[in-house]
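So this block is coords09.txt, compact mmCIF, C-alpha atoms and all ligand atoms:
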# COMPACT_ATOMS: atom_id res chain seq x y z
CA MET A 1 3.09 -79.02 -52.14
CA PRO A 2 2.13 -75.35 -51.79
CA SER A 3 2.16 -73.58 -55.11
CA HIS A 4 4.50 -70.70 -54.39
CA PHE A 5 7.24 -72.99 -53.18
CA ARG A 6 6.97 -74.92 -56.39
CA ASP A 7 7.36 -71.65 -58.27
CA THR A 8 10.44 -70.82 -56.31
CA GLU A 9 12.00 -74.19 -56.95
CA GLN A 10 11.52 -73.54 -60.62
CA GLN A 11 13.64 -70.44 -60.18
CA GLY A 12 16.49 -72.60 -58.97
CA VAL A 13 16.20 -72.22 -55.21
CA PRO A 14 17.32 -75.40 -53.48
CA ASP A 15 14.55 -77.42 -51.92
CA VAL A 16 15.73 -76.98 -48.38
CA ILE A 17 12.53 -75.90 -46.67
CA THR A 18 9.91 -77.62 -48.70
CA GLY A 19 10.90 -81.25 -48.32
CA GLY A 20 12.69 -83.80 -50.40
CA PRO A 21 16.26 -84.77 -49.67
CA GLU A 22 18.18 -82.17 -47.70
CA PRO A 23 21.21 -80.91 -49.61
CA VAL A 24 24.55 -81.78 -48.12
CA GLN A 25 26.31 -78.64 -49.25
CA THR A 26 26.66 -75.64 -47.00
CA ILE A 27 24.40 -72.84 -48.15
CA THR A 28 25.25 -69.46 -46.77
CA ALA A 29 22.72 -66.71 -46.20
CA SER A 30 24.26 -64.60 -48.89
CA THR A 31 24.52 -67.19 -51.61
CA ASP A 32 21.12 -68.66 -50.95
CA ILE A 33 19.26 -65.39 -50.72
CA ALA A 34 21.14 -64.00 -53.65
CA ARG A 35 20.04 -66.98 -55.70
CA SER A 36 16.42 -66.56 -54.68
CA GLU A 37 16.39 -62.89 -55.70
CA GLY A 38 18.80 -63.12 -58.57
CA SER A 39 21.29 -60.64 -57.14
CA ALA A 40 25.06 -60.90 -56.93
CA VAL A 41 26.57 -63.59 -54.76
CA ASP A 42 28.97 -62.44 -52.09
CA ALA A 43 31.55 -64.69 -50.57
CA PRO A 44 30.57 -65.49 -47.00
CA ALA A 45 32.83 -64.21 -44.26
CA SER A 46 34.95 -66.93 -42.77
CA GLY A 47 33.75 -68.15 -39.37
CA SER A 48 30.27 -66.98 -40.30
CA LEU A 49 27.58 -67.16 -37.64
CA TYR A 50 25.06 -68.50 -40.05
CA ALA A 51 24.63 -72.24 -40.36
CA PRO A 52 23.15 -74.22 -43.22
CA LEU A 53 19.40 -74.65 -43.29
CA GLU A 54 18.54 -78.01 -41.79
CA SER A 55 15.76 -77.24 -39.42
CA LYS A 56 12.62 -78.47 -41.07
CA GLY A 57 10.49 -80.02 -38.35
CA LYS A 58 13.17 -79.50 -35.74
CA VAL A 59 11.87 -79.75 -32.18
CA VAL A 60 13.66 -77.92 -29.39
CA PRO A 61 13.50 -79.81 -26.08
CA ARG A 62 11.43 -77.98 -23.50
CA THR A 63 13.97 -78.26 -20.74
CA GLY A 64 16.18 -75.86 -18.79
CA THR A 65 15.40 -72.20 -18.31
CA PRO A 66 12.97 -70.74 -20.83
CA THR A 67 14.04 -67.65 -22.78
CA ILE A 68 10.44 -66.46 -22.55
CA SER A 69 7.94 -67.35 -19.88
CA LEU A 70 4.42 -65.97 -19.57
CA ARG A 71 2.50 -66.73 -16.41
CA GLY A 72 -1.20 -65.89 -16.26
CA VAL A 73 -0.77 -62.87 -18.52
CA THR A 74 -3.72 -60.62 -19.23
CA LEU A 75 -3.47 -57.47 -21.30
CA ILE A 76 -6.32 -54.99 -21.35
CA TYR A 77 -6.02 -51.91 -23.55
CA PRO A 78 -7.69 -48.91 -21.89
CA ALA A 79 -9.72 -48.31 -25.06
CA GLN A 80 -11.28 -51.80 -24.72
CA PRO A 81 -11.66 -52.35 -20.97
CA ASN A 82 -14.16 -55.19 -21.31
CA LYS A 83 -12.31 -57.20 -23.95
CA PRO A 84 -8.82 -58.35 -22.95
CA ALA A 85 -6.47 -58.56 -25.94
CA LEU A 86 -4.76 -61.43 -24.09
CA ASP A 87 -6.52 -63.34 -21.37
CA ASP A 88 -4.68 -65.47 -18.81
CA VAL A 89 -1.96 -66.68 -21.16
CA SER A 90 0.77 -69.00 -19.85
CA LEU A 91 3.51 -70.18 -22.18
CA ASP A 92 7.21 -71.11 -22.18
CA ILE A 93 9.60 -70.69 -25.09
CA TYR A 94 13.02 -72.29 -24.78
CA PRO A 95 16.40 -71.21 -26.15
CA GLY A 96 16.77 -72.01 -29.83
CA ASP A 97 13.06 -72.50 -30.40
CA PHE A 98 11.33 -71.23 -33.55
CA VAL A 99 7.72 -70.39 -32.80
CA PHE A 100 5.04 -69.30 -35.23
CA VAL A 101 2.20 -67.33 -33.63
CA VAL A 102 -0.93 -67.66 -35.74
CA GLY A 103 -4.59 -66.71 -35.47
CA HIS A 104 -7.27 -64.44 -36.87
CA SER A 105 -6.75 -60.74 -37.22
CA GLY A 106 -7.35 -59.25 -33.76
CA SER A 107 -6.60 -62.51 -31.93
CA GLY A 108 -3.71 -60.94 -29.99
CA LYS A 109 -0.54 -61.87 -31.94
CA SER A 110 1.01 -58.40 -32.05
CA THR A 111 -0.05 -57.77 -28.47
CA PHE A 112 1.84 -60.89 -27.44
CA LEU A 113 4.98 -59.73 -29.28
CA ARG A 114 4.72 -56.19 -27.90
CA LEU A 115 4.71 -57.63 -24.38
CA LEU A 116 8.04 -59.37 -25.10
CA THR A 117 9.76 -56.12 -26.05
CA ARG A 118 8.04 -54.22 -23.21
CA GLU A 119 6.33 -51.89 -25.64
CA ILE A 120 3.36 -52.61 -23.40
CA LYS A 121 3.17 -53.94 -19.87
CA ALA A 122 0.94 -56.82 -18.78
CA THR A 123 -2.17 -55.74 -16.92
CA LYS A 124 -1.89 -58.93 -14.85
CA GLY A 125 0.62 -61.77 -14.64
CA ASP A 126 4.34 -62.05 -15.32
CA VAL A 127 6.26 -61.80 -18.58
CA ILE A 128 9.78 -63.09 -18.06
CA VAL A 129 12.30 -62.59 -20.87
CA ALA A 130 15.95 -63.56 -20.51
CA GLY A 131 15.49 -63.97 -16.78
CA GLN A 132 13.93 -60.56 -16.23
CA ASN A 133 10.37 -59.91 -15.13
CA LEU A 134 9.14 -57.27 -17.57
CA THR A 135 5.99 -56.58 -15.59
CA LYS A 136 8.15 -55.29 -12.76
CA MET A 137 10.97 -53.85 -14.84
CA ARG A 138 11.74 -50.16 -14.34
CA ASN A 139 11.42 -48.05 -17.46
CA TRP A 140 15.07 -47.04 -17.47
CA LYS A 141 16.06 -50.69 -17.88
CA VAL A 142 13.95 -51.22 -21.00
CA PRO A 143 16.61 -50.03 -23.50
CA TYR A 144 18.99 -52.62 -22.04
CA LEU A 145 16.38 -55.33 -22.52
CA ARG A 146 15.90 -54.27 -26.14
CA ARG A 147 19.59 -54.72 -26.87
CA GLN A 148 18.94 -58.41 -26.43
CA ILE A 149 15.98 -58.50 -28.80
CA GLY A 150 16.07 -58.00 -32.56
CA THR A 151 12.78 -56.89 -34.11
CA VAL A 152 11.51 -57.22 -37.66
CA TYR A 153 8.19 -55.73 -38.79
CA GLN A 154 5.93 -56.00 -41.80
CA ASP A 155 6.62 -52.41 -42.85
CA PHE A 156 10.44 -52.64 -42.48
CA LYS A 157 10.69 -49.38 -40.47
CA LEU A 158 13.88 -48.25 -42.22
CA LEU A 159 15.11 -44.68 -41.90
CA PRO A 160 14.53 -43.16 -45.35
CA ASP A 161 17.36 -40.62 -45.18
CA LYS A 162 20.02 -43.17 -44.28
CA THR A 163 21.71 -45.61 -46.63
CA VAL A 164 21.57 -49.38 -46.20
CA TYR A 165 24.88 -49.16 -44.34
CA GLY A 166 23.63 -46.22 -42.29
CA ASN A 167 20.43 -47.99 -41.26
CA VAL A 168 22.30 -51.02 -39.95
CA ALA A 169 25.10 -48.95 -38.41
CA PHE A 170 22.54 -46.80 -36.60
CA ALA A 171 21.44 -49.81 -34.52
CA LEU A 172 25.00 -50.09 -33.20
CA GLU A 173 25.57 -46.34 -32.86
CA CYS A 174 22.50 -46.11 -30.63
CA ILE A 175 24.03 -48.50 -28.13
CA GLY A 176 27.40 -46.78 -28.16
CA LYS A 177 29.44 -49.34 -30.09
CA PRO A 178 32.83 -48.02 -31.17
CA ARG A 179 33.37 -47.11 -34.81
CA SER A 180 35.84 -49.98 -35.28
CA VAL A 181 33.17 -52.51 -34.27
CA ILE A 182 30.60 -50.86 -36.53
CA GLU A 183 32.97 -50.86 -39.48
CA ALA A 184 33.63 -54.56 -39.00
CA GLN A 185 30.16 -55.84 -38.21
CA VAL A 186 27.95 -53.89 -40.62
CA PRO A 187 29.62 -55.06 -43.85
CA GLU A 188 29.70 -58.62 -42.54
CA VAL A 189 26.00 -58.77 -41.75
CA LEU A 190 25.15 -57.09 -45.07
CA ARG A 191 27.20 -59.72 -46.86
CA LEU A 192 25.29 -62.41 -45.04
CA VAL A 193 21.93 -61.08 -46.20
CA GLY A 194 23.31 -60.68 -49.72
CA LEU A 195 23.30 -56.88 -49.80
CA ALA A 196 26.99 -55.98 -49.73
CA GLU A 197 26.69 -54.40 -53.16
CA LYS A 198 23.81 -52.16 -52.14
CA MET A 199 25.40 -50.71 -49.02
CA ASP A 200 25.25 -47.16 -50.36
CA ASN A 201 21.68 -47.34 -51.65
CA PHE A 202 18.82 -45.60 -49.89
CA PRO A 203 15.71 -47.58 -48.91
CA ASP A 204 13.63 -46.14 -51.76
CA GLN A 205 16.17 -47.58 -54.20
CA LEU A 206 15.53 -51.14 -52.98
CA SER A 207 12.86 -53.76 -53.64
CA GLY A 208 10.58 -54.81 -50.79
CA GLY A 209 12.54 -58.02 -50.27
CA GLU A 210 15.82 -56.10 -50.15
CA GLN A 211 14.38 -53.63 -47.65
CA GLN A 212 13.26 -56.48 -45.44
CA ARG A 213 16.73 -58.02 -45.66
CA VAL A 214 18.14 -54.71 -44.43
CA SER A 215 15.76 -54.80 -41.50
CA VAL A 216 16.78 -58.40 -40.72
CA ALA A 217 20.45 -57.31 -40.91
CA ARG A 218 19.70 -54.43 -38.55
CA ALA A 219 17.90 -56.77 -36.14
CA MET A 220 20.82 -59.22 -36.17
CA VAL A 221 23.86 -56.98 -36.24
CA ASN A 222 24.17 -56.91 -32.47
CA ARG A 223 23.68 -60.70 -32.38
CA PRO A 224 20.74 -60.75 -29.99
CA PRO A 225 19.65 -64.07 -28.49
CA LEU A 226 16.00 -63.35 -29.36
CA LEU A 227 14.41 -62.28 -32.62
CA VAL A 228 10.80 -61.07 -32.57
CA CYS A 229 9.12 -60.76 -35.98
CA ASP A 230 5.65 -59.38 -36.60
CA GLU A 231 4.49 -60.54 -40.04
CA PRO A 232 7.92 -60.01 -41.60
CA THR A 233 6.74 -61.41 -44.92
CA GLY A 234 3.35 -59.72 -44.87
CA ASN A 235 4.23 -57.19 -47.58
CA LEU A 236 6.31 -59.48 -49.77
CA ASP A 237 5.46 -61.77 -52.64
CA PRO A 238 5.77 -65.51 -52.02
CA ALA A 239 9.17 -66.13 -53.63
CA ILE A 240 10.74 -63.21 -51.79
CA SER A 241 9.05 -64.30 -48.56
CA LEU A 242 10.71 -67.66 -48.92
CA GLY A 243 14.11 -65.96 -49.08
CA ILE A 244 13.39 -63.99 -45.91
CA MET A 245 12.11 -67.12 -44.22
CA LYS A 246 15.27 -69.02 -45.08
CA LEU A 247 17.32 -66.20 -43.63
CA LEU A 248 15.33 -66.27 -40.37
CA ASP A 249 15.60 -70.03 -40.26
CA ARG A 250 19.33 -69.86 -40.71
CA ILE A 251 19.62 -67.29 -37.94
CA ASN A 252 17.62 -69.65 -35.74
CA GLN A 253 20.12 -72.41 -36.58
CA THR A 254 22.82 -70.39 -34.87
CA GLY A 255 20.88 -70.67 -31.60
CA THR A 256 18.82 -67.48 -31.80
CA THR A 257 15.29 -67.95 -30.50
CA VAL A 258 12.76 -66.74 -33.08
CA VAL A 259 9.15 -65.81 -32.38
CA MET A 260 7.20 -64.86 -35.47
CA ALA A 261 3.58 -63.79 -35.93
CA THR A 262 2.33 -64.63 -39.38
CA HIS A 263 -0.68 -65.16 -41.64
CA ASP A 264 1.44 -67.11 -44.10
CA ARG A 265 -0.24 -70.49 -44.16
CA GLU A 266 2.08 -72.07 -46.72
CA MET A 267 5.18 -71.02 -44.81
CA VAL A 268 3.91 -72.44 -41.52
CA ASP A 269 2.70 -75.66 -43.12
CA SER A 270 5.99 -76.06 -44.91
CA MET A 271 8.31 -75.37 -41.98
CA ARG A 272 6.63 -77.66 -39.44
CA ARG A 273 7.94 -75.83 -36.42
CA ARG A 274 6.20 -75.04 -33.15
CA VAL A 275 2.87 -73.29 -33.67
CA VAL A 276 1.04 -71.30 -31.00
CA ALA A 277 -2.48 -70.39 -32.11
CA LEU A 278 -4.40 -67.54 -30.50
CA GLU A 279 -8.10 -66.95 -30.56
CA ALA A 280 -9.63 -63.89 -28.91
CA GLY A 281 -6.64 -63.56 -26.60
CA HIS A 282 -6.46 -67.23 -25.58
CA VAL A 283 -3.91 -69.88 -26.57
CA VAL A 284 -6.07 -72.48 -28.26
CA ARG A 285 -3.26 -74.63 -29.65
CA ASP A 286 0.42 -75.13 -28.90
CA GLN A 287 1.87 -77.77 -31.14
CA GLU A 288 5.32 -79.06 -32.02
CA ARG A 289 5.78 -79.47 -35.76
CA GLY A 290 2.47 -77.69 -36.17
CA GLY A 291 0.56 -76.56 -39.22
CA TYR A 292 -1.24 -73.30 -39.79
CA GLY A 293 -4.69 -74.75 -39.10
CA PHE A 294 -8.02 -73.63 -40.40
CA TYR A 295 -8.70 -69.93 -40.32
CA ASP A 296 -10.90 -68.50 -42.95
CA ALA A 297 -11.48 -64.78 -43.47
CA LEU A 298 -8.06 -63.83 -42.16
N1 LIG B 1 -3.61 -49.76 -29.01
C1 LIG B 1 -4.73 -50.44 -28.88
N2 LIG B 1 -5.79 -49.93 -28.20
C2 LIG B 1 -6.92 -50.64 -28.05
N3 LIG B 1 -7.12 -51.87 -28.53
C3 LIG B 1 -6.12 -52.43 -29.22
C4 LIG B 1 -4.87 -51.76 -29.44
N4 LIG B 1 -4.06 -52.55 -30.15
C5 LIG B 1 -4.76 -53.68 -30.38
N5 LIG B 1 -5.99 -53.61 -29.83
C6 LIG B 1 -7.03 -54.65 -29.83
O1 LIG B 1 -6.49 -55.80 -29.22
C7 LIG B 1 -6.90 -56.99 -29.91
C8 LIG B 1 -5.66 -57.74 -30.37
O2 LIG B 1 -4.96 -56.95 -31.34
P1 LIG B 1 -3.60 -57.39 -32.01
O3 LIG B 1 -3.06 -56.22 -32.73
O4 LIG B 1 -2.77 -58.01 -30.95
O5 LIG B 1 -4.12 -58.51 -33.01
P2 LIG B 1 -3.32 -59.34 -34.13
O6 LIG B 1 -3.60 -60.78 -33.85
O7 LIG B 1 -1.92 -58.88 -34.19
O8 LIG B 1 -4.11 -58.91 -35.46
P3 LIG B 1 -3.53 -58.75 -36.96
O9 LIG B 1 -3.43 -60.13 -37.50
O10 LIG B 1 -4.61 -57.96 -37.63
O11 LIG B 1 -2.24 -58.01 -36.90
C9 LIG B 1 -7.81 -56.51 -31.02
O12 LIG B 1 -9.14 -56.59 -30.56
C10 LIG B 1 -7.42 -55.07 -31.22
O13 LIG B 1 -8.50 -54.32 -31.69
MG MG B 2 -0.78 -57.91 -35.64
Please express the file's structure as structure tokens.
Amino acid sequence: MPSHFRDTEQQGVPDVITGGPEPVQTITASTDIARSEGSAVDAPASGSLYAPLESKGKVVPRTGTPTISLRGVTLIYPAQPNKPALDDVSLDIYPGDFVFVVGHSGSGKSTFLRLLTREIKATKGDVIVAGQNLTKMRNWKVPYLRRQIGTVYQDFKLLPDKTVYGNVAFALECIGKPRSVIEAQVPEVLRLVGLAEKMDNFPDQLSGGEQQRVSVARAMVNRPPLLVCDEPTGNLDPAISLGIMKLLDRINQTGTTVVMATHDREMVDSMRRRVVALEAGHVVRDQERGGYGFYDAL
């Protein structure tokens, strides 16, 4: 049993990821996360989107139309013309899947994720997300693609001069949602991540774990079918990372496809979900119920 999970159990977090009997009770995002960080517990909204955590080792059948499909994808950054960051990668990710992308620093994980959001365009091959070929997509369509993709990053990327509420609301304001929708959805999603009481705080008044929960709330508030996370727990200590991981897992339980780059060996080994391992731009492993594998000097 990895040590930091043991520590967290000692703090009273239910053993829902790490093994042992699965609890029968319904654990909401807000109550569970609040317990893991010791903050106030908010009553979950009725008809909540977020399901209990039951997904350990869950395998999503690889049938139907993939949410994400890469076909012979090569990405060459102009600054490194002789060393493709991704080299002839083909991969399918199906709706509802939870995929960890692992590998050494520089192996191409962030490059892979940046292709999915069309931050960068494949040099060769096709990247198909939600039925659209991003290699051929016109630039003006990219903002519409991004409405369907929530993103969470290691460094949170919150706006420092906006409150917690303002940061989450901004995601909806940018896509022209009416005030009535914003006023309904923002408090609900903040309740679900256990931050209803901190709505009026500014980012510099929050802990790292709380800031990351704001960024997860912001990524989810428009209920996108795909969540792309680049080392979302990279700046957080293990117990707080576990809380964020549970939140992402619970979001995945509602049907959201999650693709997450990570160096967090214990998390990957504990969750036993699909693992795609990259090495020097190649997929070297694609495993259901995978483990982190052996990477030293990460
Ligand atoms: N903007 C860029 N210009 C040139 N080369 C880049 C650029 N971004 C990344 N690279 C190179 O592409 C390769 C893959 O980088 P990438 O950021 O995808 O790795 P990573 O697996 O996410 O690493 P880490 O674990 O450190 O985040 C590396 O060799 C890196 O140096
Ligand atoms: Mg990276």
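Distance check against Arg272 in chain A using only C-alpha atoms: of A:Thr67, A:Ser107, A:Gln287, A:Asn139, the minimum falls on A:Gln287.
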Item to check | Within-8 Å residues of ligand LIG 1 (chain B), basis all atoms listed in the file, as a ChimeraX atom specification | outcome: /A:76-80,83-86,102-112,230-231,261-263,278,280-281,298
Next on the checklist: For a quick check of understanding, using only C-alpha atoms and all ligand atoms, which of A:Val168, A:Ile182, A:Ala219, A:Leu113 has the smallest distance to ligand MG 2 (chain B)?
Outcome noted: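 Nearest to ligand MG 2 (chain B): A:Leu113.
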Item to check | Contacts of Asp161 in chain A within 12 Å, only C-alpha atoms, excl. fewer than 4 positions in-chain, as a list in words | outcome: Lys157, Tyr165, Gly166, Asn167, Phe170, Asp200, Asn201, Phe202, Pro203, Asp204 and Gln205 of chain A
Checklist outcome for this item: From CA of Asn222 in chain A to CA of Arg289 in chain A the spacing works out at 29.3 Å
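Closest approach to Phe156 in chain A among A:Pro232, A:Pro66, A:Gly96, A:Pro81 is made by A:Pro232 (distances from all atoms listed in the file).
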Next on the checklist: Could you check the closest approach to Val59 in chain A for each of A:Gly125, A:Gly243, A:Pro238, A:Gly290 and tell me which residue wins, using all atoms listed in the file?
Outcome noted: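 Of A:Gly125, A:Gly243, A:Pro238, A:Gly290, the one nearest Val59 in chain A, counting all atoms listed in the file, is A:Gly290.
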Item to check | Which of A:Ala217, A:Val101, A:Met137, A:Val193 sits closest to ligand MG 2 (chain B) [using all atoms listed in the file] | outcome: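 Closest to ligand MG 2 (chain B), using all atoms listed in the file: A:Val101.
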Next on the checklist: So that I can see what lies close to Val99 in chain A, please list as a PyMOL selection string the residues with an atom at most 7 Å from it, counting only C-alpha atoms and leaving out residues fewer than 4 positions away in the same chain.
Outcome noted: chain A and resi 258-260+273-276
Checklist entry - Using only C-alpha atoms and all ligand atoms, which of A:Gly291, A:Gly234, A:Gly255, A:Gly72 sits nearest ligand MG 2 (chain B)? => result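 With only C-alpha atoms and all ligand atoms as the atom set, the closest residue is A:Gly234.
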Quick one: residues within 12 Å of Lys141 in chain A, all atoms listed in the file counted, chain neighbours fewer than 6 positions away excluded, as an mmCIF file with C-alpha atoms, in the frame of the given file?
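This went into around-v6.cif:
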data_model
loop_
_atom_site.group_PDB
_atom_site.id
_atom_site.type_symbol
_atom_site.label_atom_id
_atom_site.label_comp_id
_atom_site.auth_asym_id
_atom_site.auth_seq_id
_atom_site.Cartn_x
_atom_site.Cartn_y
_atom_site.Cartn_z
ATOM 1 C CA THR A 117 9.760 -56.120 -26.050
ATOM 2 C CA ARG A 118 8.040 -54.220 -23.210
ATOM 3 C CA GLN A 132 13.930 -60.560 -16.230
ATOM 4 C CA ASN A 133 10.370 -59.910 -15.130
ATOM 5 C CA LEU A 134 9.140 -57.270 -17.570
ATOM 6 C CA THR A 135 5.990 -56.580 -15.590
ATOM 7 C CA ARG A 147 19.590 -54.720 -26.870
ATOM 8 C CA GLN A 148 18.940 -58.410 -26.430
#
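CA of Asp249 in chain A is found 20.0 Å from CA of Leu116 in chain A.
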Next on the checklist: Quick check, in Å to one decimal: how far apart do CA of Trp140 in chain A and CA of Val127 in chain A lie?
Outcome noted: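 Here the two named atoms are 17.2 Å from each other.
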Next on the checklist: Can you pull out the residues contacting Arg213 in chain A? Cut-off 12 Å, using all atoms listed in the file, and skip same-chain residues under 2 positions away; I want them as a ChimeraX atom specification.
Outcome noted: /A:29-30,33-34,37,152-158,164,167-168,189-196,198-199,203,206-211,215-221,232-233,236,240-248
How about completing range 224-250 of chain A with N, CA and C atoms and giving it to me as a short mmCIF file (atom, residue, chain, number, x, y, z; two decimals), in the frame of the given file?
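result-v9.cif was written with the following content:
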data_model
loop_
_atom_site.label_atom_id
_atom_site.label_comp_id
_atom_site.auth_asym_id
_atom_site.auth_seq_id
_atom_site.Cartn_x
_atom_site.Cartn_y
_atom_site.Cartn_z
N PRO A 224 21.59 -60.54 -31.16
CA PRO A 224 20.74 -60.75 -29.99
C PRO A 224 20.33 -62.20 -29.87
N PRO A 225 20.08 -62.68 -28.65
CA PRO A 225 19.65 -64.07 -28.49
C PRO A 225 18.20 -64.31 -28.90
N LEU A 226 17.43 -63.21 -29.05
CA LEU A 226 16.00 -63.35 -29.36
C LEU A 226 15.62 -62.45 -30.52
N LEU A 227 14.89 -63.04 -31.47
CA LEU A 227 14.41 -62.28 -32.62
C LEU A 227 12.88 -62.34 -32.62
N VAL A 228 12.26 -61.16 -32.60
CA VAL A 228 10.80 -61.07 -32.57
C VAL A 228 10.35 -60.47 -33.89
N CYS A 229 9.51 -61.19 -34.63
CA CYS A 229 9.12 -60.76 -35.98
C CYS A 229 7.61 -60.69 -36.08
N ASP A 230 7.10 -59.53 -36.45
CA ASP A 230 5.65 -59.38 -36.60
C ASP A 230 5.31 -59.31 -38.08
N GLU A 231 4.84 -60.41 -38.62
CA GLU A 231 4.49 -60.54 -40.04
C GLU A 231 5.59 -60.01 -40.96
N PRO A 232 6.80 -60.55 -40.82
CA PRO A 232 7.92 -60.01 -41.60
C PRO A 232 7.77 -60.21 -43.09
N THR A 233 6.92 -61.16 -43.49
CA THR A 233 6.74 -61.41 -44.92
C THR A 233 5.40 -60.89 -45.41
N GLY A 234 4.71 -60.15 -44.56
CA GLY A 234 3.35 -59.72 -44.87
C GLY A 234 3.24 -58.85 -46.11
N ASN A 235 4.29 -58.09 -46.43
CA ASN A 235 4.23 -57.19 -47.58
C ASN A 235 4.99 -57.73 -48.80
N LEU A 236 5.41 -58.98 -48.73
CA LEU A 236 6.31 -59.48 -49.77
C LEU A 236 5.64 -60.58 -50.59
N ASP A 237 6.07 -60.70 -51.84
CA ASP A 237 5.46 -61.77 -52.64
C ASP A 237 6.06 -63.11 -52.23
N PRO A 238 5.39 -64.21 -52.58
CA PRO A 238 5.77 -65.51 -52.02
C PRO A 238 7.23 -65.92 -52.22
N ALA A 239 7.78 -65.69 -53.40
CA ALA A 239 9.17 -66.13 -53.63
C ALA A 239 10.14 -65.34 -52.75
N ILE A 240 9.86 -64.05 -52.62
CA ILE A 240 10.74 -63.21 -51.79
C ILE A 240 10.55 -63.57 -50.31
N SER A 241 9.31 -63.87 -49.94
CA SER A 241 9.05 -64.30 -48.56
C SER A 241 9.86 -65.53 -48.21
N LEU A 242 9.96 -66.43 -49.16
CA LEU A 242 10.71 -67.66 -48.92
C LEU A 242 12.18 -67.33 -48.62
N GLY A 243 12.74 -66.37 -49.34
CA GLY A 243 14.11 -65.96 -49.08
C GLY A 243 14.27 -65.40 -47.68
N ILE A 244 13.33 -64.56 -47.25
CA ILE A 244 13.39 -63.99 -45.91
C ILE A 244 13.25 -65.10 -44.87
N MET A 245 12.34 -66.02 -45.16
CA MET A 245 12.11 -67.12 -44.22
C MET A 245 13.36 -67.97 -44.06
N LYS A 246 14.04 -68.23 -45.16
CA LYS A 246 15.27 -69.02 -45.08
C LYS A 246 16.32 -68.29 -44.25
N LEU A 247 16.36 -66.99 -44.40
CA LEU A 247 17.32 -66.20 -43.63
C LEU A 247 16.99 -66.31 -42.13
N LEU A 248 15.73 -66.17 -41.78
CA LEU A 248 15.33 -66.27 -40.37
C LEU A 248 15.61 -67.67 -39.84
N ASP A 249 15.35 -68.65 -40.68
CA ASP A 249 15.60 -70.03 -40.26
C ASP A 249 17.09 -70.26 -39.99
N ARG A 250 17.89 -69.69 -40.85
CA ARG A 250 19.33 -69.86 -40.71
C ARG A 250 19.83 -69.16 -39.45
#
